[in-house]
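This report concerns only the one structure given below.
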Amino acid sequence: MTGYLLRRIAGGLAVLLVLSVIIYAVFYVAPGDPARLACGPRCNPEQIRQVREQLGLNQPVYTQYWHFLQGIVAGHDYSTGTGTMHCQAPCLGLSYQNDQPVTGLIIQRLPATASLAVGAMVLWLLLGVGTGVLSALRRGGITERVLTWLTLAGTATPVFITGLGLLMLFCAYLQWLPFPSYVPLTDDPEQWAWNMLLPWLALALLEAAKYARLTRSSMLETLAEDHIRTFRAYGLAERSIVGGHALRGALAPVIALSAADFGSIFGNAMLTETMFGLPGLGQLMVTSTKTIDLPVVVGVVLVTGTAVVVANILADVLYAVADRRVALR
Amino acid sequence: MSAATSAETSGGTGAEKSRSLVSVSGLTVDFPVGGNVVRAVDGLSFELAEGGALGIVGESGSGKSTAAYALLGLHRGTGARVTGSVRVAGHDINALDEAQLRGVRGGVAAMVFQDPLSSLDPYQAIGDQIAEVYRVHRRDASRRAARARAVEVLDRVGIPDAARRARSRPHEFSGGQRQRALIAMALACEPRLLVADEPTTALDVTVQAQILDLLRELRRETGTGLILVTHDLGVAAGNVDRLLVMKGGKAVEHGPVRTVLDAPREPYTRDLLAAVPRIEVRRPARAASGDEPLLEVTGLRREFGRGRNALTAVDGVSLTVRPGETVGLVGESGSGKTTLGRMLVRLLEPTGGELRYRGHDLGGLRERELRPFRGELQMVFQDPVASLNPRRSIGESIADPLRAAGRLTEAEITSRVRELLERVGLDPHAYHRYPHEFSGGQRQRVGIARALAPRPRLIVCDEPVSALDVTTQAQVVGLLGELQRELDLALVFVAHDLAVVRQVSDRLVVMKGGRIVEEGPADTVYERPQHPYTQGLLAAVPRLAPSGAAALAGPGE
Amino acid sequence: MTQEIQQEIQENDISGARQVLRRLRARKSALAAAIVLGLLVLFALAAPLLAAWEGQDPTTYHDGLVNSAAGGVPLGSFGGVSAEHWLGVEPGTGRDVFVRLCYGARVSLVVALGATVVQVVVGVALGITAALGNRLADSVIGHLTDVLVALPFLAFAVALTAVVPADFPRPVLLVLVIGLLNGVGGLARLVRAQTLSLKKLDYVSAARLAGGSSWRIARRELLPALAAPVITYAAVLLPSNIVMEAGMSFLGVGVKPPTPSWGQMLSTATTWFRADPMYVVLPALLLFVTTLVFTVLGDALRTALDPREASRLRVGRAGRAGRRKESAI
């Protein structure tokens with residue numbers, strides 16, 4: 001088990017390293033002049049040259065990349081016109097916009113994204129798995145037909161349409177809720193929850209529909225397996241068969257999906273944040289893209305990539321623990 | 001049919017209930033398929049006395065398993081329509097409500113399924129599964145008592161160190177142990193009837209013999225009634241006292257086992273018995289048509305995987321095949337016989353040793369360099385479904401080697417394919433029909449035609465008939481023999497069924513754990529086996545005639 | 001005799017396509033979805049004609065039709081519906097909504113279809129090369145797909161738009177970005193796994209014994225068998241591409257204004273949902289119907305091609321762990 005974990009972690013690190021190379025190549029080497037971007041629109045050639053030297057952009061690409069990695073591990077010193085500025089490890093560089101360390105900016109934005117993701121995840125797992133199991137058990141009935149169409153419609157609705165629909169219904173038409181504005185959990189838990197309610201729903205409905213479909217098909221497949229027949233032939237009640245035996249096998253692929261899907265979930269979280277004006281990573285990403293603030297963009301992509309890799313390893317381990325038949329290779 | 005009707009009496013009288021454990025009359029099972037109704041069981045009637053053993057035998061599609069499932073009401077909720085009466089230990093199965101039926105299942109009648117791996121929950125320890133079943137039927141039993149009972153029955157069925165093994169999951173058991181565990185589950189609640197659906201079909205022959213011994217012993221001890229569903233008349237012969245032969249959902253013949261086997265009344269039963277390969281019957285002696293070896297392997301090896309996980313499937317095998325002879329290659333699962341067969345035609349690359357075909361070393365050749373030899377070394381595969389591309393017409397599949405050789409015109413190819421189809425006993429105009437339009441036996445004929453197309457000198461047959469019914473088996477084996485004589489083919493016949501191999505082989509090679517343990521002329525090996533492993537293997541083969549078994553166990557004729 | 005043989009040769013290759021079509025037609029929902037899709041395509045193709053018929057164009061401002069005192073809310077009911085402007089005008093600018101929706105459909109469909117083509121070509125090529133190539137190719141492609149799956153693709157796609165030169169044609173960029181990032185990794189994994197299991201089938205072994213070249217075997221035995229799972233996967237990717245395009249436009253990094261797109265319209269609508277609900281409903285409805293139609297068709301196609309494939313595919317998509325489960329059993 002330990003060996004397996006170590007191998008998976010090593011593999012994950014390798015993937016991250018490749019990812020960082022690709023990202024670095026795409027953003028710092030590809031067309032466009034980072035020095036010009038960093039300096040701003042009204043810089044003269046001399047100023048741009050200075051900035052280029054300050055950022056080390058005049059050095060060979062591999063040296064730059066090496067410094068970038070060094071910064072992540074050990075921190076980095078930047079010379080500003082007057083002196084040096086230390087950027088603590090893990091240093092992802094300084095924002096072109098306000099010269100603040102990217103790491104700090106990301107940490108600032110993390111709570112909002114985490115609030116959104118964790119809350120929505122609880123919602124969609126409950127909703128999705130529940131709906132999926134129900135529709136598998138009511139196979140052939142009217143319940144199943146209704147649920148099938150509901151989930152189909154759910155998967156076809158992009159998160160920004162759900163969001164707009166919820167806003168129109170609850171804020172404009174019924175006026176039950178104010179337009180959401182982010183309140184940190186530590187400031188006022190009640191306000192936090194009320195304000196997060198619509199974003200949670202918007203993100204969760206889409207994912208729940210997807211999970212309901214997956215759970216349903218996985219459940220049906222498991223119920224058709226031979227060992228379920230054995231327990232029927234030995235007089236177990238349908239309830240204990242489903243709860244005690246089928247559910248466990250059926251949920252294994254659901255666990256795997258929840259991790260493999262992390263990338264797309266972040267995409268949807270980004271849309272949700274933009275829609276509801278939540279100050280999270282997604283919003284940071286969008287604004288930095290528009291101002292072409294490369295260090296921030298690269299930082300966010302790397303951080304989310306890391307999250308995806310970690311989630312994948314976690315899911316593999318969970319899956320292996322759930323299903324001992326899987327050889328830990 | 002007449003036997004079945006005579007056994008049938010008006011069900012439900014008090015006197016009869018005390019006498020018979022199972023009483024089935026007029027059982028009919030219909031499955032709705034698309035808009036049609038398929039009748040799987042058609043007016044079946046039989047009785048089983050308390051403590052008796054009934055074998056239900058028949059070929060695939062005869063409805064034998066469907067009938068067995070009806071004994072536990074397992075068709076409920078599947079959409080199947082069950083009519084007629086089924087009484088098990090006084091319970092009218094079709095009239096019971098859900099809760100009562102659950103009480104009967106496992107408590108009164110317990111089922112043993114064919115594939116023990118998939119029939120157990122892979123996520124749960126075996127002991128827990130048995131304990132759970134026990135507590136369903138013994139409501140007052142504590143968890144501790146249920147677990148103790150699980151260990152007790154596991155121990156009873158011969159699982160060593162049962163207390164510890166009860167905590168293992170199914171995949172940690174061997175195939176035979178899993179079937180023992182499934183039987184333990186069946187025993188847990190002391191049922192009065194065991195229904196075993198092909199309980200040994202997935203097992204090796206020596207393990208099969210052990211499981212059958214166990215069933216016999218348990219029955220003697222507990223007096224449980226047994227219904228044994230099997231396609232193998234040999235398995236039924238030694239383990240039941242009455243036999244019911246089914247065909248197309250109906251009972252063909254029904255009577256005491258020896259009467260049915262020794263003096264069958266119905267033509268179908270006679271055909272069935274005639275088709276069963278007999279291990280004790282000699283094959284007319286034939287000699288190889290040439291002394292010069294066609295294929296010669298020395299010290300052939302094959303490993304899979306690398307490093308710590310490396311597995312040696314074939315471990316230094318040497319063997320010679322001469323033109324026109326049949327070499328039978330037998331062994332149990334994991335013996336390396338299939339790997340060896342695939343290396344002989346170079347579908348697999350040996351990792352060591354030499355493979356010479358008419359003097360050319362084929363062992364290390366690359367795909368491109370092998371092409372000139374491909375046509376001469378062909379193979380017939382085991383699974384008639386997987387061995388034909390479902391998206392291509394059978395004519396195209398057969399024409400493949402001819403096209404690849406590129407020497408014939410389209411018209412010549414088409415007429416050659418027709419000729420081949422006719423030769424293997426199929427309609428010569430079937431060129432553009434697809435595999436799904438054919439039965440298993442017909443598909444195997446297509447596979448043979450494809451192997452014959454490039455005019456090979458050697459064909460490796462990898463379990464060519466193990467997926468077929470016994471009557472079809474006999475026909476395909478017969479066809480292979482004819483073709484061999486006619487075309488002077490060398491055959492390597494890989495199989496686990498020793499009786500089938502005896503029908504075709506001139507020489508026999510017995511493999512175990514990747515090595516050859518015994519080799520020699522077929523009659524010599526079958527009648528005077530030298531190696532203890534071969535002796536065990538031969539002794540484990542179930543036989544139709546009890547007298548024949550005794551004669552063969554002796555030192556020879 | 002020879003004529004008969006000729007005929008047999010011609011009849012040799014009867015494809016299963018006709019059968020699949022028949023099964024599709026038998027499903028009412030699929031038929032309805034196909035009709036709606038046809039209408040949508042017509043709507044997009046006929047955009048210039050429809051614009052001429054209405055007598056409007058997608059870019060002209062109509063300042064007189066919006067209430068500039070109230071911030072630009074369209075005058076009149078239902079967002080300014082009139083005989084000249086059938087579906088009203090855009091808040092703020094007064095541009096014609098109907099024509100903009102027509103042209104938006106073009107962007108949406110063209111980008112989604114183009115991206116799907118890219119995904120299928122790249123995914124199949126990667127998957128087959130990994131399965132049939134040597135150990136090195138397999139390991140390089142394996143890592144590449146791992147990275148592709150690990151990428152938070154919407155974030156990465158958004159980020160990419162920051163560094164691509166402004167004069168690079170946007171629709172092409174969108175096709176490439178969505179095509180190369182969204183789902184290619186998953187498709188490559190699927191194709192690889194399928195090819196590997198096909199390779200083990202006896203009929204492929206038989207084709208090798210027939211002495212055919214590798215290319216011949218790939219073309220005759222492997223590719224036709226891959227068609228069904230690939231088409232099915234593509235049918236899942238297509239609606240997801242539509243949503244991706246709309247999402248990127250929603251975030252402001254899609255096609256450049258003044259080219260109209262549904263996502264952009266929805267993005268504008270977030271600020272107008274109270275004052276001009278009509279402007280939210282129309283693009284949302286169109287986008288929803290389009291993705292729904294593709295999803296319904298994809299579902300129907302999946303069951304028509306192979307009812308068992310459907311469940312296997314969903315499990316297969318669950319990523320590494322799912323894949324391992326299959327190989328372990």
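Order determines the names: the first chain of the structure tokens is A, the second B, and so forth; residues in each chain are numbered 1 upward, and ligands are numbered 1 upward as they are shown.
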
Should the cut-off be 10 Å, what would the residue list for chain B against chain A look like, counting only C-alpha atoms, as a short mmCIF file (atom, residue, chain, number, x, y, z; two decimals) with N, CA and C atoms, in the first residue's frame?
data_model
loop_
_atom_site.label_atom_id
_atom_site.label_comp_id
_atom_site.auth_asym_id
_atom_site.auth_seq_id
_atom_site.Cartn_x
_atom_site.Cartn_y
_atom_site.Cartn_z
N TYR B 69 -34.38 -22.70 -11.72
CA TYR B 69 -34.63 -21.40 -11.10
C TYR B 69 -36.07 -21.30 -10.60
N LEU B 72 -37.02 -22.11 -6.92
CA LEU B 72 -36.86 -21.11 -5.87
C LEU B 72 -37.62 -19.83 -6.18
N GLY B 73 -38.47 -19.90 -7.18
CA GLY B 73 -39.25 -18.72 -7.56
C GLY B 73 -38.37 -17.58 -8.04
N LEU B 74 -37.22 -17.90 -8.63
CA LEU B 74 -36.28 -16.85 -9.02
C LEU B 74 -36.72 -16.08 -10.27
N GLU B 98 -44.09 -12.58 -0.90
CA GLU B 98 -42.65 -12.27 -0.92
C GLU B 98 -41.93 -12.76 0.34
N ALA B 99 -42.50 -12.47 1.51
CA ALA B 99 -41.81 -12.80 2.76
C ALA B 99 -41.71 -14.32 2.92
N GLN B 100 -42.79 -15.03 2.59
CA GLN B 100 -42.75 -16.49 2.71
C GLN B 100 -41.72 -17.08 1.76
N LEU B 101 -41.69 -16.53 0.54
CA LEU B 101 -40.76 -17.03 -0.46
C LEU B 101 -39.31 -16.83 0.01
N ARG B 102 -39.06 -15.67 0.65
CA ARG B 102 -37.71 -15.42 1.16
C ARG B 102 -37.35 -16.45 2.22
N GLY B 103 -38.35 -16.89 2.98
CA GLY B 103 -38.09 -17.92 3.98
C GLY B 103 -37.70 -19.24 3.34
N VAL B 104 -38.31 -19.55 2.22
CA VAL B 104 -37.99 -20.81 1.54
C VAL B 104 -36.60 -20.75 0.92
N ARG B 105 -36.29 -19.62 0.29
CA ARG B 105 -34.99 -19.47 -0.38
C ARG B 105 -33.87 -19.52 0.65
N GLY B 106 -33.03 -20.49 0.55
CA GLY B 106 -31.91 -20.59 1.47
C GLY B 106 -32.27 -21.38 2.71
N GLY B 107 -33.51 -21.22 3.21
CA GLY B 107 -33.92 -21.91 4.42
C GLY B 107 -34.39 -23.33 4.14
N VAL B 108 -35.17 -23.48 3.08
CA VAL B 108 -35.71 -24.80 2.74
C VAL B 108 -34.97 -25.38 1.53
N ALA B 109 -34.76 -24.51 0.53
CA ALA B 109 -34.05 -24.95 -0.66
C ALA B 109 -32.94 -23.94 -0.95
N ALA B 110 -31.73 -24.44 -1.16
CA ALA B 110 -30.60 -23.53 -1.39
C ALA B 110 -29.98 -23.83 -2.74
N MET B 111 -29.45 -22.77 -3.36
CA MET B 111 -28.95 -22.91 -4.71
C MET B 111 -27.44 -22.78 -4.74
N VAL B 112 -26.79 -23.60 -5.54
CA VAL B 112 -25.35 -23.47 -5.78
C VAL B 112 -25.18 -23.10 -7.26
N PHE B 113 -24.51 -21.97 -7.50
CA PHE B 113 -24.42 -21.47 -8.87
C PHE B 113 -23.17 -21.94 -9.57
N GLN B 114 -23.13 -21.65 -10.88
CA GLN B 114 -22.04 -22.15 -11.71
C GLN B 114 -20.71 -21.46 -11.44
N ASP B 115 -20.72 -20.10 -11.51
CA ASP B 115 -19.46 -19.38 -11.42
C ASP B 115 -19.28 -18.84 -10.01
N PRO B 116 -18.47 -19.54 -9.20
CA PRO B 116 -18.39 -19.14 -7.79
C PRO B 116 -17.78 -17.76 -7.58
N LEU B 117 -16.96 -17.27 -8.52
CA LEU B 117 -16.34 -15.96 -8.31
C LEU B 117 -17.38 -14.86 -8.41
N SER B 118 -18.13 -14.86 -9.50
CA SER B 118 -19.08 -13.78 -9.67
C SER B 118 -20.31 -13.95 -8.79
N SER B 119 -20.48 -15.16 -8.23
CA SER B 119 -21.67 -15.39 -7.42
C SER B 119 -21.52 -14.95 -5.97
N LEU B 120 -20.34 -14.46 -5.61
CA LEU B 120 -20.13 -13.97 -4.25
C LEU B 120 -19.82 -12.49 -4.30
N ASP B 121 -20.22 -11.77 -3.26
CA ASP B 121 -19.96 -10.34 -3.21
C ASP B 121 -18.45 -10.09 -3.10
N PRO B 122 -17.87 -9.42 -4.09
CA PRO B 122 -16.41 -9.26 -4.08
C PRO B 122 -15.89 -8.35 -2.97
N TYR B 123 -16.77 -7.52 -2.40
CA TYR B 123 -16.31 -6.54 -1.41
C TYR B 123 -16.37 -7.04 0.01
N GLN B 124 -16.98 -8.23 0.22
CA GLN B 124 -17.24 -8.63 1.59
C GLN B 124 -16.56 -9.95 1.91
N GLN B 129 -20.61 -12.97 4.56
CA GLN B 129 -21.71 -13.24 3.63
C GLN B 129 -22.53 -14.42 4.11
N ILE B 130 -21.83 -15.46 4.57
CA ILE B 130 -22.55 -16.63 5.06
C ILE B 130 -23.33 -16.28 6.32
N GLU B 132 -24.52 -13.43 7.17
CA GLU B 132 -25.68 -12.60 6.84
C GLU B 132 -26.86 -13.47 6.40
N VAL B 133 -26.55 -14.45 5.54
CA VAL B 133 -27.60 -15.36 5.08
C VAL B 133 -28.18 -16.13 6.26
N TYR B 134 -27.31 -16.56 7.16
CA TYR B 134 -27.75 -17.33 8.32
C TYR B 134 -28.73 -16.53 9.17
N ARG B 135 -28.40 -15.26 9.38
CA ARG B 135 -29.25 -14.42 10.23
C ARG B 135 -30.59 -14.08 9.58
N VAL B 136 -30.65 -14.17 8.26
CA VAL B 136 -31.94 -13.94 7.59
C VAL B 136 -32.93 -15.03 7.99
N HIS B 137 -32.38 -16.26 8.11
CA HIS B 137 -33.28 -17.39 8.38
C HIS B 137 -33.36 -17.76 9.85
N ARG B 169 -11.71 -12.32 1.40
CA ARG B 169 -12.69 -12.05 0.34
C ARG B 169 -12.58 -13.10 -0.77
N PRO B 170 -13.64 -13.20 -1.57
CA PRO B 170 -13.68 -14.28 -2.58
C PRO B 170 -12.45 -14.34 -3.48
N HIS B 171 -11.88 -13.17 -3.86
CA HIS B 171 -10.77 -13.23 -4.81
C HIS B 171 -9.50 -13.81 -4.20
N GLU B 172 -9.50 -13.96 -2.87
CA GLU B 172 -8.32 -14.55 -2.23
C GLU B 172 -8.41 -16.07 -2.17
N LEU B 182 -19.33 -21.49 -1.49
CA LEU B 182 -20.71 -21.31 -1.93
C LEU B 182 -21.57 -22.48 -1.42
N MET B 185 -22.31 -21.84 2.14
CA MET B 185 -23.42 -20.91 2.30
C MET B 185 -24.75 -21.66 2.16
N ALA B 186 -24.78 -22.57 1.20
CA ALA B 186 -26.01 -23.34 0.99
C ALA B 186 -26.33 -24.21 2.21
N CYS B 189 -28.06 -22.98 6.56
CA CYS B 189 -29.36 -23.03 7.21
C CYS B 189 -30.01 -24.41 7.14
#

Original post:
chain C residues within 6 Å of chain B, counting only C-alpha atoms: which ones, as a PyMOL selection string?
Top reply: chain C and resi 12+202-203+209-212

Original post:
Could you pull the residues within 9 Å of region 85-102 of chain A, counting only C-alpha atoms, minus those fewer than 5 positions along the same chain, as a list in words?
Top reply: Leu37, Ala38, Cys39, Gly40, Phe68, Leu69, Gln70, Gly71, Ile72, Val73, Ala74, Gly75, His76, Asp77, Tyr78, Ser79, Thr80, Ile107, Ser288, Thr291, Ile292, Asp293, Leu294, Pro295, Val296, Val298, Gly299 and Val300 of chain A

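Closest approach to Gly92 (chain C) among C:Trp215, C:Tyr233, C:Trp272, C:Phe168: C:Trp272, based on only C-alpha atoms.
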
**OP:** Please identify every residue of chain A that has at least one atom no more than 7 Å from any atom of chain C, counting only C-alpha atoms, and report them as a ChimeraX atom specification.
**Re:** /A:15,19,27,31-32,153,156-158,161,164,168,172,214,217,253,256-257,260,263-264,266-267,286,289-290,292,297,301,304-305,308-309,316,319,326

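Candidate residues C:Pro171, C:Pro58, C:Gly254, C:Pro224 were compared for distance to Ala115 (chain C), and the nearest is C:Pro171, using only C-alpha atoms.
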
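Comparing B:Pro199, B:Gly158, B:Gly26, B:Gly328 by their smallest distance to Ser65 (chain B), the closest is B:Pro199 (using only C-alpha atoms).
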
Subject >> Proximity to Asn67 (chain C) - best of C:Trp53, C:Leu305, C:Arg23, C:Pro91, only C-alpha atoms >> reply: C:Pro91

**OP:** Go through region 143-311 of chain C and collect every residue that DSSP, computed from the backbone, puts in alpha helix (DSSP H); the answer should be as a count of residues only.
**Re:** 129

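What separates CA of Val86 (chain B) from CA of Glu238 (chain A) is a distance of 23.0 Å.
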
Subject >> Close residues, Val66 (chain C) itself excluded, 7 Å, only C-alpha atoms, min 4 positions apart in chain, as number ranges by chain >> reply: C: 72-75, 91-92, 94

Compile the contact shell of Lys199 (chain C) as a short mmCIF file (atom, residue, chain, number, x, y, z; two decimals) with N, CA and C atoms, in the first residue's frame: residues with an atom at most 12 Å away, counting only C-alpha atoms, same-chain residues fewer than 3 positions apart removed.
data_model
loop_
_atom_site.label_atom_id
_atom_site.label_comp_id
_atom_site.auth_asym_id
_atom_site.auth_seq_id
_atom_site.Cartn_x
_atom_site.Cartn_y
_atom_site.Cartn_z
N LEU B 347 1.79 -16.66 -32.80
CA LEU B 347 0.99 -15.51 -32.40
C LEU B 347 1.64 -14.85 -31.20
N ALA B 386 -15.93 -14.88 -30.50
CA ALA B 386 -14.84 -13.89 -30.56
C ALA B 386 -13.92 -14.13 -31.74
N SER B 387 -13.98 -15.32 -32.36
CA SER B 387 -12.98 -15.59 -33.39
C SER B 387 -13.40 -15.13 -34.78
N ASN B 389 -14.93 -11.74 -36.89
CA ASN B 389 -15.25 -10.32 -36.82
C ASN B 389 -16.74 -10.14 -37.12
N ILE C 128 -4.74 5.23 -30.78
CA ILE C 128 -4.29 4.09 -31.59
C ILE C 128 -2.77 4.00 -31.56
N ALA C 131 -1.71 2.44 -28.38
CA ALA C 131 -2.03 1.02 -28.25
C ALA C 131 -1.19 0.15 -29.18
N LEU C 132 -0.93 0.64 -30.38
CA LEU C 132 -0.23 -0.20 -31.35
C LEU C 132 1.26 0.10 -31.44
N VAL C 191 -9.91 5.17 -26.59
CA VAL C 191 -9.49 4.50 -27.82
C VAL C 191 -8.36 3.52 -27.53
N ARG C 192 -7.44 3.95 -26.68
CA ARG C 192 -6.32 3.06 -26.35
C ARG C 192 -6.83 1.78 -25.68
N ALA C 193 -7.68 1.96 -24.68
CA ALA C 193 -8.19 0.79 -23.96
C ALA C 193 -8.96 -0.13 -24.90
N GLN C 194 -9.80 0.46 -25.74
CA GLN C 194 -10.60 -0.34 -26.67
C GLN C 194 -9.70 -1.10 -27.63
N THR C 195 -8.70 -0.38 -28.17
CA THR C 195 -7.81 -1.01 -29.13
C THR C 195 -7.06 -2.16 -28.48
N LEU C 196 -6.60 -1.94 -27.24
CA LEU C 196 -5.86 -3.00 -26.56
C LEU C 196 -6.73 -4.22 -26.35
N ASP C 202 -9.76 -12.97 -30.64
CA ASP C 202 -9.29 -14.03 -31.52
C ASP C 202 -9.38 -13.64 -32.99
N TYR C 203 -10.38 -12.83 -33.35
CA TYR C 203 -10.47 -12.56 -34.78
C TYR C 203 -9.35 -11.65 -35.27
N VAL C 204 -8.79 -10.88 -34.36
CA VAL C 204 -7.62 -10.09 -34.75
C VAL C 204 -6.39 -11.01 -34.87
N SER C 205 -6.30 -11.98 -33.95
CA SER C 205 -5.23 -12.98 -34.07
C SER C 205 -5.35 -13.72 -35.40
N ALA C 206 -6.59 -14.07 -35.75
CA ALA C 206 -6.80 -14.79 -37.01
C ALA C 206 -6.34 -13.94 -38.19
N ALA C 207 -6.62 -12.65 -38.13
CA ALA C 207 -6.19 -11.77 -39.22
C ALA C 207 -4.67 -11.71 -39.30
N ARG C 208 -4.02 -11.80 -38.14
CA ARG C 208 -2.55 -11.83 -38.17
C ARG C 208 -2.06 -13.12 -38.83
N SER C 214 0.08 -4.80 -40.76
CA SER C 214 -0.50 -4.15 -39.59
C SER C 214 -1.55 -3.14 -40.01
N ILE C 217 -4.73 -4.82 -40.94
CA ILE C 217 -5.46 -5.29 -39.77
C ILE C 217 -6.14 -4.11 -39.07
N ALA C 218 -5.39 -3.00 -38.94
CA ALA C 218 -5.97 -1.83 -38.28
C ALA C 218 -7.20 -1.36 -39.04
N GLU C 221 -10.01 -4.63 -39.17
CA GLU C 221 -10.51 -5.26 -37.95
C GLU C 221 -10.70 -4.26 -36.81
N LEU C 222 -9.79 -3.28 -36.71
CA LEU C 222 -9.83 -2.42 -35.53
C LEU C 222 -10.71 -1.19 -35.72
N LEU C 223 -10.43 -0.43 -36.78
CA LEU C 223 -11.14 0.85 -36.93
C LEU C 223 -12.67 0.69 -36.97
N ALA C 225 -14.48 -1.44 -35.55
CA ALA C 225 -14.97 -1.77 -34.22
C ALA C 225 -14.86 -0.56 -33.30
N LEU C 226 -13.95 0.37 -33.62
CA LEU C 226 -13.79 1.56 -32.78
C LEU C 226 -14.86 2.59 -33.09
#

**OP:** Write out as a ChimeraX atom specification which residues come within 10 Å of Phe493 (chain B) when counting only C-alpha atoms, dropping same-chain ones fewer than 4 positions away.
**Re:** /B:326-330,337,341,380,459-464,500-501,504-505,508-509

Kindly export the residues of the current selection with N, CA and C atoms, as a compact mmCIF listing (two decimals), in the first residue's frame.
# COMPACT_ATOMS: atom_id res chain seq x y z
N THR B 326 -1.66 -36.23 -35.22
CA THR B 326 -2.34 -35.36 -34.27
C THR B 326 -1.67 -35.50 -32.91
N VAL B 327 -1.24 -34.38 -32.39
CA VAL B 327 -0.67 -34.37 -31.05
C VAL B 327 -1.70 -33.76 -30.13
N GLY B 328 -2.14 -34.50 -29.14
CA GLY B 328 -3.07 -33.97 -28.15
C GLY B 328 -2.27 -33.28 -27.05
N LEU B 329 -2.71 -32.08 -26.67
CA LEU B 329 -1.98 -31.32 -25.65
C LEU B 329 -2.97 -31.06 -24.53
N VAL B 330 -2.79 -31.75 -23.40
CA VAL B 330 -3.77 -31.59 -22.33
C VAL B 330 -3.13 -31.04 -21.07
N LYS B 337 -0.77 -24.65 -21.65
CA LYS B 337 -1.03 -25.32 -22.93
C LYS B 337 -1.46 -24.31 -24.01
N GLY B 341 0.47 -23.39 -27.45
CA GLY B 341 -0.23 -23.48 -28.73
C GLY B 341 -0.07 -22.21 -29.55
N VAL B 380 -7.31 -22.83 -35.09
CA VAL B 380 -8.76 -22.78 -34.88
C VAL B 380 -8.95 -22.39 -33.42
N ILE B 459 -2.32 -27.25 -38.21
CA ILE B 459 -3.33 -26.41 -37.57
C ILE B 459 -3.29 -26.67 -36.07
N VAL B 460 -3.16 -25.59 -35.30
CA VAL B 460 -3.28 -25.73 -33.86
C VAL B 460 -4.73 -25.46 -33.51
N CYS B 461 -5.39 -26.42 -32.89
CA CYS B 461 -6.79 -26.25 -32.48
C CYS B 461 -6.79 -25.97 -30.99
N ASP B 462 -7.14 -24.74 -30.61
CA ASP B 462 -7.11 -24.36 -29.20
C ASP B 462 -8.50 -24.54 -28.60
N GLU B 463 -8.72 -25.60 -27.89
CA GLU B 463 -10.02 -25.92 -27.30
C GLU B 463 -11.14 -25.70 -28.33
N PRO B 464 -11.06 -26.34 -29.47
CA PRO B 464 -12.00 -25.99 -30.54
C PRO B 464 -13.44 -26.38 -30.26
N VAL B 500 -12.32 -36.02 -25.12
CA VAL B 500 -12.32 -35.47 -26.48
C VAL B 500 -10.95 -35.67 -27.12
N VAL B 501 -9.91 -35.40 -26.36
CA VAL B 501 -8.56 -35.49 -26.90
C VAL B 501 -8.25 -36.93 -27.34
N VAL B 504 -9.16 -37.96 -30.91
CA VAL B 504 -8.46 -37.44 -32.08
C VAL B 504 -6.96 -37.69 -32.09
N SER B 505 -6.37 -38.03 -30.93
CA SER B 505 -4.91 -37.94 -30.84
C SER B 505 -4.17 -39.21 -31.20
N LEU B 508 0.07 -38.09 -27.17
CA LEU B 508 -0.47 -37.24 -26.13
C LEU B 508 0.66 -36.57 -25.37
N VAL B 509 0.48 -35.29 -25.09
CA VAL B 509 1.43 -34.55 -24.27
C VAL B 509 0.66 -33.99 -23.09

**OP:** Output as a list in words all residues of region 77-202 of chain A that backbone DSSP marks as strand (DSSP E or B).
**Re:** Asp77, Tyr78, Ser79, Thr84, Met85, His86, Cys87, Leu94 and Pro101 of chain A

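Restricting the calculation to only C-alpha atoms, the smallest distance between Cys171 (chain A) and any of A:Asn195, A:Asn44, A:Gln108, A:Gln283 is found for A:Asn195.
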